[in-house]
Amino acid sequence: MTRQSSHSNLLGAVACRLYAILDDGQIKVRGLSFEEVAEGLLAASPSLLQYRAKQVSREEARACLALIMELRAELSPSTEIYMNDWPDLASEVGADGVHVGQMDLSVSEVRARYPTLRVGLSTHSVADVERALAASAIPDYLAIGPLAQTGSKENPDPIVSPGELTKVSALVRARGIPLVGIGGLNAERGRAVSELVDFVAVIGALLEGTTGVETRARVLDNARTIEAAIAGDRSVRG
């Protein structure tokens with residue numbers, strides 16, 4: 001079996017440019033319900049959703065990914081689901097793809113072992129992007145960041161400057177590959193970079209204000225606010 005789609009499909013008629021990232025560490029530190037956060041995000045119908053499971057066992061990660069797939073079927077069938085780092089889990093549970101970093105399996109290795117999966121790749125510099133574009137296997141999308149100070153990683157890479165982002169955008173778009181901006185982005189920062197990227201990945205800002213309130217509703221409101229900002233609603237601030 002081969003993949004059913006390529007990166008060109010991601011650049012089709014996109015209704016939402018939000019790439020929601022569901023980070024178990026961010027959820028646990030806030031004492032939130034994983035299911036309620038997932039429901040809120042999927043109710044917003046982001047184009048892509050990634051599950052990042054850095055602090056749980058394989059068994060728990062599998063169960064959480066399976067739950068995401070069930071909720072996707074119920075709430076947002078058009079959302080593409082990606083698993084961070086674990087292509088075996090993505091393939092086993094039936095996710096659309098896997099997101100890998102610079103130190104993980106290469107795109108070509110993932111494709112050889114799991115040919116049905118889309119593959120997204122993290123990059124942190126112009127040099128990273130140039131290497132990715134020169135490789136024998138090109139990812140289905142590239143993510144560049146961090147674009148601002150971020151608290152989602154203990155040891156983040158240096159912030160990508162506006163000049164670097166402009167160069168990366170030109171390189172990637174010339175190849176017709178979707179570009180995802182990531183790292184420290186919220187509604188305001190997402191809007192600021194929206195002309196240079198195809199999708200805006202958001203982590204912490206999706207969970208703002210969730211303490212002591214109904215989690216699902218707050219997460220949904222946060223996601224919709226960010227979506228509106230990315231789409232160009234200048235009345236949105238965040």
# chains A, B, ... in the order shown; residues from 1 in each chain; ligands from 1
$ residues_around --residues "Val98 (chain A)" --least-positions-apart "6" --cutoff "8 Å" --atoms "only C-alpha atoms" --output "PyMOL selection string"
chain A and resi 82-87+90+117-120
$ write_last_selection --atoms "C-alpha atoms" --output "PDB file, in the first residue's frame"
ATOM      1  CA  TYR A  82      -0.283  13.483  13.173  1.00  0.00           C
ATOM      2  CA  MET A  83       1.651  11.651  15.877  1.00  0.00           C
ATOM      3  CA  ASN A  84       4.867  13.246  17.078  1.00  0.00           C
ATOM      4  CA  ASP A  85       7.956  11.006  16.882  1.00  0.00           C
ATOM      5  CA  TRP A  86       6.225   7.580  16.892  1.00  0.00           C
ATOM      6  CA  PRO A  87       5.469   6.427  13.339  1.00  0.00           C
ATOM      7  CA  ALA A  90       0.599   6.482  13.949  1.00  0.00           C
ATOM      8  CA  LEU A 117       1.943   7.885   6.400  1.00  0.00           C
ATOM      9  CA  ARG A 118       2.472  11.513   5.539  1.00  0.00           C
ATOM     10  CA  VAL A 119       5.654  12.895   7.093  1.00  0.00           C
ATOM     11  CA  GLY A 120       6.212  16.352   8.548  1.00  0.00           C
TER      12      GLY A 120
END
$ residues_around --residues "Met69 (chain A)" --least-positions-apart "3" --cutoff "8 Å" --atoms "only C-alpha atoms" --output "number ranges by chain"
A: 65-66, 72-73, 81, 93-95
$ closest_residue --among "A:Gly212, A:Pro115, A:Pro156, A:Gly190" --to "Ala229 (chain A)" --atoms "only C-alpha atoms"
A:Gly190
$ closest_atom_pairs --of "region 100-219 of chain A" --to "region 32-40 of chain A" --cutoff "8 Å" --atoms "only C-alpha atoms" --output "CSV"
residue,atom,partner,partner_atom,distance
A:Thr210,CA,A:Leu32,CA,8.0
A:Thr215,CA,A:Glu36,CA,6.1
A:Arg216,CA,A:Gly40,CA,4.4
A:Ala217,CA,A:Gly40,CA,6.3
A:Arg218,CA,A:Gly40,CA,7.5
A:Val219,CA,A:Gly40,CA,5.1
$ write_last_selection --atoms "C-alpha atoms" --output "compact mmCIF listing (two decimals), in the first residue's frame"
# COMPACT_ATOMS: atom_id res chain seq x y z
CA THR A 210 -8.36 27.14 31.24
CA THR A 215 -12.06 23.33 29.62
CA ARG A 216 -13.70 22.27 26.37
CA ALA A 217 -15.47 25.59 25.84
CA ARG A 218 -12.38 27.65 26.68
CA VAL A 219 -10.10 25.65 24.39
$ select_by_dssp --residues "region 74-214 of chain A" --states "helix (DSSP H, G or I)" --output "PDB file with C-alpha atoms, in the first residue's frame"
ATOM      1  CA  GLU A  74     -17.254  12.440  15.550  1.00  0.00           C
ATOM      2  CA  LEU A  75     -16.289  16.126  15.542  1.00  0.00           C
ATOM      3  CA  PRO A  87       5.469   6.427  13.339  1.00  0.00           C
ATOM      4  CA  ASP A  88       4.693   2.913  14.562  1.00  0.00           C
ATOM      5  CA  LEU A  89       1.852   4.222  16.720  1.00  0.00           C
ATOM      6  CA  ALA A  90       0.599   6.482  13.949  1.00  0.00           C
ATOM      7  CA  SER A  91       0.464   3.538  11.562  1.00  0.00           C
ATOM      8  CA  GLU A  92      -1.005   1.147  14.130  1.00  0.00           C
ATOM      9  CA  VAL A  93      -3.864   3.457  15.137  1.00  0.00           C
ATOM     10  CA  VAL A 107      11.874  11.066   6.059  1.00  0.00           C
ATOM     11  CA  SER A 108      13.158   8.322   3.754  1.00  0.00           C
ATOM     12  CA  GLU A 109      13.348   5.819   6.637  1.00  0.00           C
ATOM     13  CA  VAL A 110       9.793   6.585   7.719  1.00  0.00           C
ATOM     14  CA  ARG A 111       8.531   6.259   4.147  1.00  0.00           C
ATOM     15  CA  ALA A 112      10.305   2.917   3.705  1.00  0.00           C
ATOM     16  CA  ARG A 113       8.810   1.445   6.879  1.00  0.00           C
ATOM     17  CA  VAL A 126      17.880  27.996   6.704  1.00  0.00           C
ATOM     18  CA  ALA A 127      20.546  25.269   6.599  1.00  0.00           C
ATOM     19  CA  ASP A 128      18.102  22.675   7.962  1.00  0.00           C
ATOM     20  CA  VAL A 129      15.583  23.616   5.286  1.00  0.00           C
ATOM     21  CA  GLU A 130      18.148  23.465   2.498  1.00  0.00           C
ATOM     22  CA  ARG A 131      19.203  19.971   3.615  1.00  0.00           C
ATOM     23  CA  ALA A 132      15.592  18.822   3.766  1.00  0.00           C
ATOM     24  CA  LEU A 133      14.885  20.092   0.258  1.00  0.00           C
ATOM     25  CA  ALA A 134      18.036  18.446  -1.107  1.00  0.00           C
ATOM     26  CA  PRO A 162      12.283  37.496  10.435  1.00  0.00           C
ATOM     27  CA  GLY A 163      14.944  37.554   7.728  1.00  0.00           C
ATOM     28  CA  GLU A 164      15.548  33.828   8.034  1.00  0.00           C
ATOM     29  CA  LEU A 165      11.817  33.134   7.924  1.00  0.00           C
ATOM     30  CA  THR A 166      11.470  35.199   4.756  1.00  0.00           C
ATOM     31  CA  LYS A 167      14.246  33.209   3.083  1.00  0.00           C
ATOM     32  CA  VAL A 168      12.831  29.879   4.253  1.00  0.00           C
ATOM     33  CA  SER A 169       9.380  30.833   2.997  1.00  0.00           C
ATOM     34  CA  ALA A 170      10.736  31.576  -0.470  1.00  0.00           C
ATOM     35  CA  LEU A 171      12.731  28.331  -0.613  1.00  0.00           C
ATOM     36  CA  VAL A 172       9.880  26.110   0.530  1.00  0.00           C
ATOM     37  CA  ARG A 173       7.118  27.727  -1.486  1.00  0.00           C
ATOM     38  CA  ALA A 174       9.224  27.511  -4.631  1.00  0.00           C
ATOM     39  CA  ALA A 187      -3.208  34.967  17.837  1.00  0.00           C
ATOM     40  CA  GLU A 188      -1.159  38.139  17.390  1.00  0.00           C
ATOM     41  CA  ARG A 189       2.140  36.471  16.507  1.00  0.00           C
ATOM     42  CA  GLY A 190       0.375  33.976  14.275  1.00  0.00           C
ATOM     43  CA  ARG A 191      -1.211  36.799  12.323  1.00  0.00           C
ATOM     44  CA  ALA A 192       2.186  38.527  12.026  1.00  0.00           C
ATOM     45  CA  VAL A 193       3.769  35.538  10.265  1.00  0.00           C
ATOM     46  CA  GLY A 204       0.337  26.853  24.856  1.00  0.00           C
ATOM     47  CA  ALA A 205      -1.936  29.656  23.644  1.00  0.00           C
ATOM     48  CA  LEU A 206      -4.666  27.095  23.006  1.00  0.00           C
ATOM     49  CA  LEU A 207      -4.767  26.380  26.744  1.00  0.00           C
TER      50      LEU A 207
END
$ closest_residue --among "A:Leu196, A:Asn186, A:Asp104, A:Gly145" --to "Ala20 (chain A)" --atoms "only C-alpha atoms"
A:Asn186
$ select_by_dssp --residues "region 68-102 of chain A" --states "strand (DSSP E)" --output "PyMOL selection string"
chain A and resi 80-84+97-100
$ closest_residue --among "A:Ala228, A:Ala223, A:Gly184, A:Gly176" --to "Ala44 (chain A)" --atoms "only C-alpha atoms"
A:Ala223
$ closest_residue --among "A:Leu18, A:Val160, A:Ala135, A:Ile226" --to "Pro46 (chain A)" --atoms "only C-alpha atoms"
A:Leu18
$ atom_distance --atom1 "CA of Leu121 (chain A)" --atom2 "CA of Arg30 (chain A)"
27.9 Å
$ residues_around --residues "Cys64 (chain A)" --least-positions-apart "3" --cutoff "10 Å" --atoms "only C-alpha atoms" --output "ChimeraX atom specification"
/A:24,34-35,38,51,53,56,58-61,67-70
$ write_last_selection --atoms "N, CA and C atoms" --output "JSON list (two decimals), in the first residue's frame"
[["chain", "number", "residue", "atom", "x", "y", "z"],
["A", 24, "ASP", "N", 0.88, 16.60, 25.80],
["A", 24, "ASP", "CA", 0.47, 16.01, 27.08],
["A", 24, "ASP", "C", 1.14, 16.71, 28.27],
["A", 34, "PHE", "N", -7.42, 15.48, 29.41],
["A", 34, "PHE", "CA", -6.95, 15.28, 28.04],
["A", 34, "PHE", "C", -8.13, 15.23, 27.08],
["A", 35, "GLU", "N", -9.16, 14.49, 27.45],
["A", 35, "GLU", "CA", -10.31, 14.32, 26.56],
["A", 35, "GLU", "C", -11.01, 15.65, 26.31],
["A", 38, "ALA", "N", -8.89, 17.73, 23.93],
["A", 38, "ALA", "CA", -8.99, 17.18, 22.57],
["A", 38, "ALA", "C", -10.34, 17.51, 21.95],
["A", 51, "TYR", "N", -0.47, 15.17, 18.00],
["A", 51, "TYR", "CA", -0.40, 14.72, 19.38],
["A", 51, "TYR", "C", 1.06, 14.54, 19.76],
["A", 53, "ALA", "N", 3.46, 13.37, 22.66],
["A", 53, "ALA", "CA", 3.45, 12.57, 23.89],
["A", 53, "ALA", "C", 4.88, 12.34, 24.36],
["A", 56, "VAL", "N", 4.72, 10.26, 28.59],
["A", 56, "VAL", "CA", 3.84, 9.13, 28.90],
["A", 56, "VAL", "C", 4.41, 7.85, 28.30],
["A", 58, "ARG", "N", 4.29, 4.23, 26.16],
["A", 58, "ARG", "CA", 3.79, 3.91, 24.83],
["A", 58, "ARG", "C", 2.31, 3.51, 24.91],
["A", 59, "GLU", "N", 1.97, 2.75, 25.94],
["A", 59, "GLU", "CA", 0.59, 2.29, 26.08],
["A", 59, "GLU", "C", -0.37, 3.46, 26.26],
["A", 60, "GLU", "N", 0.02, 4.42, 27.11],
["A", 60, "GLU", "CA", -0.85, 5.58, 27.33],
["A", 60, "GLU", "C", -0.92, 6.43, 26.06],
["A", 61, "ALA", "N", 0.21, 6.58, 25.39],
["A", 61, "ALA", "CA", 0.21, 7.37, 24.15],
["A", 61, "ALA", "C", -0.70, 6.73, 23.11],
["A", 67, "LEU", "N", -8.08, 7.69, 21.15],
["A", 67, "LEU", "CA", -9.18, 8.57, 21.56],
["A", 67, "LEU", "C", -9.29, 9.76, 20.61],
["A", 68, "ILE", "N", -8.17, 10.34, 20.23],
["A", 68, "ILE", "CA", -8.17, 11.45, 19.28],
["A", 68, "ILE", "C", -8.81, 11.03, 17.97],
["A", 69, "MET", "N", -8.48, 9.83, 17.51],
["A", 69, "MET", "CA", -9.05, 9.35, 16.25],
["A", 69, "MET", "C", -10.56, 9.17, 16.36],
["A", 70, "GLU", "N", -11.02, 8.68, 17.51],
["A", 70, "GLU", "CA", -12.47, 8.53, 17.72],
["A", 70, "GLU", "C", -13.17, 9.89, 17.72]]
$ atom_distance --atom1 "CA of Ala143 (chain A)" --atom2 "CA of Ala15 (chain A)"
19.4 Å
$ closest_residue --among "A:Asp96, A:Glu208, A:Ser125, A:Lys54" --to "Asp23 (chain A)" --atoms "only C-alpha atoms"
A:Lys54
$ atom_distance --atom1 "CA of Phe199 (chain A)" --atom2 "CA of Pro77 (chain A)"
18.5 Å
$ closest_residue --among "A:Val29, A:Val100, A:Ala137, A:Leu42" --to "Leu220 (chain A)" --atoms "only C-alpha atoms"
A:Leu42
